[in-house]
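Asker: The structure file run_27.cif (mmCIF, C-alpha atoms and all ligand atoms) is provided below.
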data_start
#
loop_
_atom_site.label_atom_id
_atom_site.label_comp_id
_atom_site.auth_asym_id
_atom_site.auth_seq_id
_atom_site.Cartn_x
_atom_site.Cartn_y
_atom_site.Cartn_z
CA MET C 28 83.37 17.98 77.29
CA ASN C 29 82.57 21.61 76.50
CA LEU C 30 81.99 23.61 73.36
CA ILE C 31 83.90 26.88 73.44
CA VAL C 32 82.89 29.33 70.75
CA ALA C 33 82.98 33.08 70.12
CA VAL C 34 79.83 34.20 68.30
CA ASP C 35 78.40 37.46 67.02
CA ARG C 36 74.79 38.50 67.65
CA ASN C 37 73.62 36.31 64.74
CA TRP C 38 75.47 33.25 66.08
CA ALA C 39 78.06 33.48 63.26
CA ILE C 40 81.40 31.92 64.21
CA GLY C 41 83.65 32.62 61.20
CA LYS C 42 84.02 34.39 57.87
CA ASP C 43 85.97 33.41 54.73
CA GLY C 44 87.58 30.50 56.56
CA ASP C 45 88.90 32.70 59.37
CA GLN C 46 87.76 34.00 62.75
CA LEU C 47 85.28 36.89 62.69
CA VAL C 48 87.55 38.91 64.95
CA TYR C 49 90.72 38.43 67.01
CA LEU C 50 90.37 39.84 70.51
CA SER C 51 93.39 39.62 72.76
CA GLU C 52 91.31 39.20 75.95
CA ASP C 53 89.20 36.49 74.31
CA LEU C 54 92.28 34.58 73.10
CA LYS C 55 93.79 34.73 76.61
CA HIS C 56 90.50 33.48 78.05
CA PHE C 57 90.47 30.58 75.57
CA LYS C 58 94.07 29.73 76.46
CA ALA C 59 93.32 29.77 80.21
CA LEU C 60 90.26 27.54 79.77
CA THR C 61 91.97 24.97 77.57
CA THR C 62 95.59 24.73 78.77
CA GLY C 63 96.26 21.28 80.20
CA HIS C 64 93.19 19.82 78.48
CA PRO C 65 92.58 18.19 75.11
CA VAL C 66 91.15 20.40 72.35
CA ILE C 67 89.14 19.04 69.41
CA LEU C 68 89.13 20.93 66.15
CA GLY C 69 88.57 20.54 62.44
CA ARG C 70 91.46 20.60 59.98
CA LYS C 71 90.46 24.06 58.70
CA THR C 72 90.45 25.63 62.15
CA LEU C 73 93.97 24.26 62.72
CA ALA C 74 94.97 25.99 59.46
CA THR C 75 93.92 29.36 60.96
CA PHE C 76 96.44 29.07 63.84
CA PRO C 77 99.84 30.81 63.41
CA GLY C 78 101.84 28.64 61.00
CA GLY C 79 99.01 26.08 61.04
CA ARG C 80 100.66 24.65 64.17
CA PRO C 81 98.81 22.92 67.04
CA LEU C 82 98.15 24.76 70.29
CA LYS C 83 100.90 24.42 72.92
CA GLY C 84 100.23 22.81 76.29
CA ARG C 85 97.15 20.98 75.04
CA ARG C 86 96.49 17.63 73.40
CA ASN C 87 95.40 18.63 69.89
CA MET C 88 92.85 16.20 68.43
CA ILE C 89 92.17 17.09 64.79
CA LEU C 90 89.36 15.84 62.56
CA SER C 91 90.29 15.24 58.90
CA ARG C 92 89.12 12.65 56.37
CA ASN C 93 92.50 12.90 54.63
CA PRO C 94 94.53 9.82 55.68
CA GLY C 95 97.74 11.57 54.60
CA PHE C 96 97.25 14.58 56.89
CA ALA C 97 99.74 14.27 59.76
CA PRO C 98 100.63 17.64 61.35
CA GLU C 99 103.48 17.48 63.87
CA GLY C 100 102.39 17.61 67.50
CA ALA C 101 98.75 16.70 66.81
CA GLU C 102 96.67 13.54 66.55
CA VAL C 103 94.39 13.14 63.55
CA PHE C 104 91.09 11.24 63.58
CA GLN C 105 89.32 10.39 60.34
CA ASN C 106 85.81 10.25 61.75
CA LEU C 107 83.81 11.22 64.83
CA PRO C 108 83.30 7.68 66.21
CA ALA C 109 87.08 7.11 66.25
CA LEU C 110 87.59 10.42 68.05
CA LEU C 111 84.82 9.64 70.55
CA GLU C 112 86.26 6.22 71.31
CA GLU C 113 89.64 7.75 72.09
CA ILE C 114 88.02 10.33 74.41
CA ILE C 115 86.02 7.67 76.24
CA ALA C 116 89.07 5.37 76.54
CA GLN C 117 91.09 8.26 77.98
CA ARG C 118 88.31 8.99 80.47
CA VAL C 119 88.35 5.35 81.60
CA GLN C 120 92.13 5.50 82.15
CA LEU C 121 91.72 8.69 84.19
CA LEU C 122 88.98 7.15 86.32
CA MET C 123 91.18 4.12 87.04
CA SER C 124 94.17 6.25 88.03
CA ASP C 125 91.92 8.45 90.22
CA HIS C 126 90.64 5.34 92.07
CA PRO C 127 93.61 3.02 92.66
CA THR C 128 91.83 1.60 95.73
CA ILE C 129 88.15 1.41 96.68
CA ASP C 130 86.94 0.90 100.26
CA SER C 131 83.36 -0.32 99.90
CA MET C 132 80.82 -1.51 97.38
CA GLU C 133 79.02 1.80 97.85
CA ASP C 134 82.23 3.67 96.96
CA SER C 135 82.72 1.46 93.92
CA PHE C 136 79.28 2.43 92.55
CA ASP C 137 80.02 6.08 93.33
CA ALA C 138 83.25 5.81 91.34
CA ALA C 139 81.38 4.29 88.37
CA LEU C 140 78.88 7.14 88.59
CA ASP C 141 81.73 9.67 88.21
CA PHE C 142 82.16 8.24 84.72
CA VAL C 143 78.63 9.30 83.73
CA LEU C 144 77.90 12.26 86.01
CA ASP C 145 81.03 14.32 85.30
CA HIS C 146 80.03 14.72 81.64
CA LYS C 147 76.31 14.12 81.82
CA ARG C 148 75.27 15.88 78.64
CA ALA C 149 78.04 14.34 76.53
CA VAL C 150 77.22 10.88 77.91
CA PHE C 151 73.52 11.29 77.13
CA HIS C 152 74.34 12.43 73.61
CA ILE C 153 76.76 9.55 72.95
CA TYR C 154 74.36 7.02 74.49
CA ASN C 155 71.68 8.16 72.04
CA SER C 156 74.01 8.09 69.04
CA LEU C 157 75.37 5.37 66.80
CA SER C 158 78.31 5.12 69.21
CA ARG C 159 76.12 3.62 71.98
CA ASP C 160 77.83 0.24 71.75
CA VAL C 161 81.24 1.84 72.27
CA PHE C 162 79.93 3.66 75.34
CA GLU C 163 78.38 0.45 76.73
CA ARG C 164 81.62 -1.48 76.23
CA TYR C 165 83.62 1.09 78.20
CA LEU C 166 80.92 1.46 80.88
CA MET C 167 81.10 -2.31 81.44
CA GLU C 168 84.90 -1.98 81.72
CA VAL C 169 84.45 0.76 84.33
CA CYS C 170 81.89 -1.28 86.30
CA HIS C 171 84.21 -4.28 86.25
CA TYR C 172 87.18 -2.21 87.40
CA VAL C 173 85.44 -0.50 90.33
CA VAL C 174 83.76 -3.66 91.61
CA ALA C 175 86.81 -5.92 91.13
CA THR C 176 89.11 -3.36 92.81
CA TYR C 177 86.93 -3.41 95.93
CA ILE C 178 86.23 -7.15 96.00
CA GLU C 179 89.87 -8.14 95.37
CA ALA C 180 90.92 -5.97 98.34
CA ALA C 181 88.05 -7.22 100.54
CA PHE C 182 88.97 -10.86 99.79
CA ALA C 183 92.72 -10.38 100.34
CA GLY C 184 93.99 -12.90 102.88
CA ARG C 185 90.74 -14.91 102.86
CA GLU C 186 90.59 -18.49 101.75
CA ASP C 187 87.53 -18.23 99.53
CA GLU C 188 87.73 -19.97 96.23
CA ASP C 189 88.56 -17.79 93.24
CA LYS C 190 85.35 -18.86 91.56
CA ASN C 191 83.28 -17.37 94.44
CA LYS C 192 85.14 -14.11 94.09
CA GLU C 193 84.64 -14.08 90.31
CA MET C 194 80.92 -14.79 90.79
CA LEU C 195 80.53 -11.84 93.17
CA ILE C 196 82.48 -9.54 90.85
CA ARG C 197 80.24 -10.54 87.94
CA TYR C 198 77.04 -10.10 89.94
CA HIS C 199 77.90 -6.61 91.24
CA LYS C 200 79.42 -5.50 87.93
CA CYS C 201 76.15 -6.35 86.14
CA ALA C 202 74.10 -4.63 88.87
CA CYS C 203 76.21 -1.49 88.52
CA PHE C 204 76.01 -1.55 84.71
CA GLY C 205 72.27 -2.37 84.66
CA HIS C 206 71.28 0.43 87.04
CA ILE C 207 73.26 3.02 85.10
CA ILE C 208 71.80 1.85 81.77
CA ASP C 209 68.28 1.92 83.25
CA TRP C 210 68.92 5.47 84.45
CA LEU C 211 70.10 6.46 80.94
CA ASN C 212 67.08 4.78 79.35
CA THR C 213 64.73 6.75 81.58
CA GLY C 214 66.24 10.06 80.52
CA MET C 215 68.72 10.56 83.42
CA LYS C 216 65.91 12.17 85.39
CA ASP C 217 66.39 10.71 88.88
CA ASP C 218 69.19 11.49 91.27
CA VAL C 219 70.96 8.20 90.57
CA SER C 220 73.59 8.81 93.23
CA ALA C 221 70.95 9.31 95.96
CA TYR C 222 69.19 6.17 94.70
CA PHE C 223 72.34 4.06 95.06
CA HIS C 224 72.94 5.37 98.59
CA GLN C 225 69.33 4.69 99.62
CA VAL C 226 69.53 1.13 98.30
CA TYR C 227 72.71 0.53 100.29
CA ALA C 228 71.16 1.96 103.46
CA LEU C 229 68.19 -0.42 102.96
CA ARG C 230 70.48 -3.38 102.41
CA LEU C 231 72.36 -2.62 105.61
CA GLY C 232 68.99 -2.59 107.44
CA TRP C 233 68.11 -5.98 105.96
CA GLN C 234 71.45 -7.42 107.05
CA ASP C 235 70.66 -6.34 110.64
CA ASP C 236 67.19 -7.97 110.40
CA GLU C 237 68.70 -11.19 109.06
CA ALA C 238 71.20 -11.23 111.93
CA ARG C 239 68.31 -10.97 114.42
CA ILE C 240 66.38 -13.90 112.88
N1 LIG X 301 84.30 31.69 66.68
C1 LIG X 301 84.95 30.66 67.14
O1 LIG X 301 85.02 30.46 68.37
C2 LIG X 301 85.58 29.72 66.16
C3 LIG X 301 86.26 28.60 66.62
C4 LIG X 301 86.79 27.72 65.69
C5 LIG X 301 86.66 27.97 64.34
N2 LIG X 301 86.01 29.09 63.94
C6 LIG X 301 85.85 29.37 62.51
O2 LIG X 301 85.12 28.33 61.93
C7 LIG X 301 85.52 28.20 60.56
C8 LIG X 301 86.02 26.81 60.32
O3 LIG X 301 84.94 25.95 60.41
P1 LIG X 301 84.73 24.82 59.34
O4 LIG X 301 83.54 24.02 59.78
O5 LIG X 301 84.80 25.38 57.99
O6 LIG X 301 86.08 24.02 59.49
P2 LIG X 301 86.59 22.99 60.56
O7 LIG X 301 85.47 22.29 61.25
O8 LIG X 301 87.67 23.58 61.39
O9 LIG X 301 87.29 22.03 59.54
C9 LIG X 301 86.54 21.33 58.61
C10 LIG X 301 87.35 20.13 58.22
O10 LIG X 301 87.43 19.27 59.35
C11 LIG X 301 87.38 17.95 58.90
N3 LIG X 301 86.14 17.36 59.42
C12 LIG X 301 85.03 17.99 59.84
N4 LIG X 301 84.11 17.10 60.25
C13 LIG X 301 84.65 15.89 60.08
C14 LIG X 301 84.21 14.57 60.33
N5 LIG X 301 82.99 14.33 60.85
N6 LIG X 301 85.03 13.55 60.05
C15 LIG X 301 86.27 13.76 59.57
N7 LIG X 301 86.76 15.00 59.31
C16 LIG X 301 85.96 16.04 59.55
C17 LIG X 301 87.40 17.99 57.39
O11 LIG X 301 88.78 18.01 57.06
P3 LIG X 301 89.37 17.48 55.64
O12 LIG X 301 88.87 18.45 54.63
O13 LIG X 301 90.84 17.49 55.84
O14 LIG X 301 88.79 16.10 55.48
C18 LIG X 301 86.75 19.31 57.11
O15 LIG X 301 87.07 19.87 55.86
C19 LIG X 301 86.62 29.19 60.33
O16 LIG X 301 86.06 30.34 59.80
C20 LIG X 301 87.14 29.41 61.76
O17 LIG X 301 87.81 30.63 61.86
C21 LIG X 301 85.47 29.95 64.82
#
Using structure tokens, write down the structure that the file contains.
Ligand SMILES: NC(=O)c1ccc[n+]([C@@H]2O[C@H](COP(=O)([O-])OP(=O)(O)OC[C@H]3O[C@@H](n4cnc5c(N)ncnc54)[C@H](OP(=O)(O)O)[C@@H]3O)[C@@H](O)[C@H]2O)c1
Answerer:
Amino acid sequence: MNLIVAVDRNWAIGKDGDQLVYLSEDLKHFKALTTGHPVILGRKTLATFPGGRPLKGRRNMILSRNPGFAPEGAEVFQNLPALLEEIIAQRVQLLMSDHPTIDSMEDSFDAALDFVLDHKRAVFHIYNSLSRDVFERYLMEVCHYVVATYIEAAFAGREDEDKNKEMLIRYHKCACFGHIIDWLNTGMKDDVSAYFHQVYALRLGWQDDEARI
């Protein structure tokens, strides 16, 4: 999630409800950066576009407290938490479609990390806001998806009882969730990805030791 803004030397962004200036090069740059992506804007900014119409080739997500405001070709959200939830839910869908299969437990944790590392600043901000519970709910969904996708594939064709499989999914899902939450609680300072990989390398070493005993 990025803020895109044209400012003058005093950090002003608008005047009398309109842009400070219209620069053709700047508008082209904005179009190139945003085409194919969602854009989030307030109802008044939408009103400054030609004909008050949404931007083409982008998902237009508009903030307005007016429940009757329904511009064609745009989606309206009446508050920030509702908008945030939609963005997070969309991100979860994207992550799932990007990872239809997962080859190892290590890869499943890596996939869950994509959810937090790709938009680190936004995640940190949301985690420290009133929307933390929404974030946690979706993070748990992500952890469940990545772990279950791997374990279901790893168990395919085996005769283990379903309850064993469910137990393993629950255990690893909670480990994945807990480590990411711990990392968030400690200010996202460590290289969490390196940490996960080191832990898995250690575990592989232990498995070799156990085999020798
Ligand atoms: N320089 C740049 O890059 C740039 C970019 C964009 C805009 N601008 C300028 O910025 C100015 C517009 O800014 P603005 O702040 O006045 O208008 P805005 O943010 O575009 O629109 C404000 C409206 O958005 C809705 N809104 C805002 N926060 C909300 C919330 N938390 N929950 C629900 N609805 C919310 C409300 O709509 P309702 O009144 O319908 O409830 C509010 O009146 C203009 O001058 C524009 O040209 C500059």
Asker: Report, in Å to a single decimal, how far apart atom O2 of ligand LIG 301 (chain X) and atom CA of Ala116 of chain C are.
Answerer: 27.5 Å
Asker: What does the structure give for the distance between atom CA of Lys83 of chain C and atom CA of Lys58 of chain C, in Å to one decimal?
Answerer: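 These atoms are spaced 9.3 Å apart.
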Asker: Need the shell around Tyr227 of chain C: protein/DNA/RNA residues with any atom at most 12 Å away, counting all atoms listed in the file. Skip same-chain ones fewer than 3 positions apart. Format as number ranges by chain?
Answerer: C: 131-137, 220-224, 230-234
Asker: Would you mind listing the residues within 7 Å of ligand LIG 301 (chain X), counting all atoms listed in the file, as a list in words?
Answerer: Ile31, Val32, Ala33, Val34, Ile40, Gly41, Lys42, Asp43, Gly44, Asp45, Gln46, Leu47, Leu68, Gly69, Arg70, Lys71, Thr72, Leu73, Thr75, Leu90, Ser91, Arg92, Asn93, Phe104, Gln105, Asn106 and Leu107 of chain C
Asker: Find the residue from C:Met215, C:Ala175, C:Val226, C:Ile129 that sits nearest to Phe151 of chain C; use all atoms listed in the file when measuring.
Answerer: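 Smallest separation from Phe151 of chain C among the options: C:Met215.
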Asker: Find the residue from C:Arg148, C:Ile207, C:Glu179, C:Pro108 that sits nearest to Asp160 of chain C; use only C-alpha atoms when measuring.
Answerer: C:Pro108
Asker: Identify which of the residues C:Thr176, C:Gln117, C:Asp130, C:Ile208 lies closest to Val143 of chain C, counting all atoms listed in the file when measuring atom-to-atom distances.
Answerer: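 Smallest distance to Val143 of chain C is found for C:Ile208.
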Asker: Quick one: residues within 9 Å of Thr128 of chain C, all atoms listed in the file, excluding same-chain residues fewer than 3 positions away - as number ranges by chain?
Answerer: C: 125, 173, 176-177, 180
Asker: Between atom CA of Asp53 of chain C and atom CA of Leu111 of chain C, measure the distance and give it in Å to one decimal.
Answerer: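 Atom CA of Asp53 of chain C sits 27.5 Å away from atom CA of Leu111 of chain C.
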Asker: Tell me which of C:Pro77, C:Asp141, C:Ala39, C:Glu193 sits closest to Val219 of chain C, counting only C-alpha atoms.
Answerer: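 For Val219 of chain C, the nearest of the candidates is C:Asp141.
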Asker: I'd like the contact shell of Ile196 of chain C - 9 Å cut-off, all atoms listed in the file, skipping same-chain residues fewer than 5 positions apart - returned as a list in words.
Answerer: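 Close residues of Ile196 of chain C: His171, Val174, Ala175, Ile178, Glu179, Asn191 and Cys201 of chain C.
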Asker: Measuring between only C-alpha atoms, which one of C:Asp35, C:Glu99, C:Asp189, C:Glu168 shows the shortest distance to Val119 of chain C?
Answerer: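 Comparing C:Asp35, C:Glu99, C:Asp189, C:Glu168 against Val119 of chain C, the winner is C:Glu168.
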Asker: Nearest to Leu30 of chain C: which of C:Ala97, C:Met194, C:Leu229, C:Ala149 is it, counting all atoms listed in the file?
Answerer: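 Among the listed residues, the smallest separation from Leu30 of chain C belongs to C:Ala149.
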Asker: Using all atoms of segment 64-75 of chain C that appear in the file, construct an axis-aligned enclosing box with 8 Å of padding on every side and provide its centre coordinates and edge lengths in Å, rounded to one decimal, as JSON.
Answerer:
{"center_x": 91.8, "center_y": 23.8, "center_z": 68.6, "size_x": 22.4, "size_y": 27.2, "size_z": 35.8}
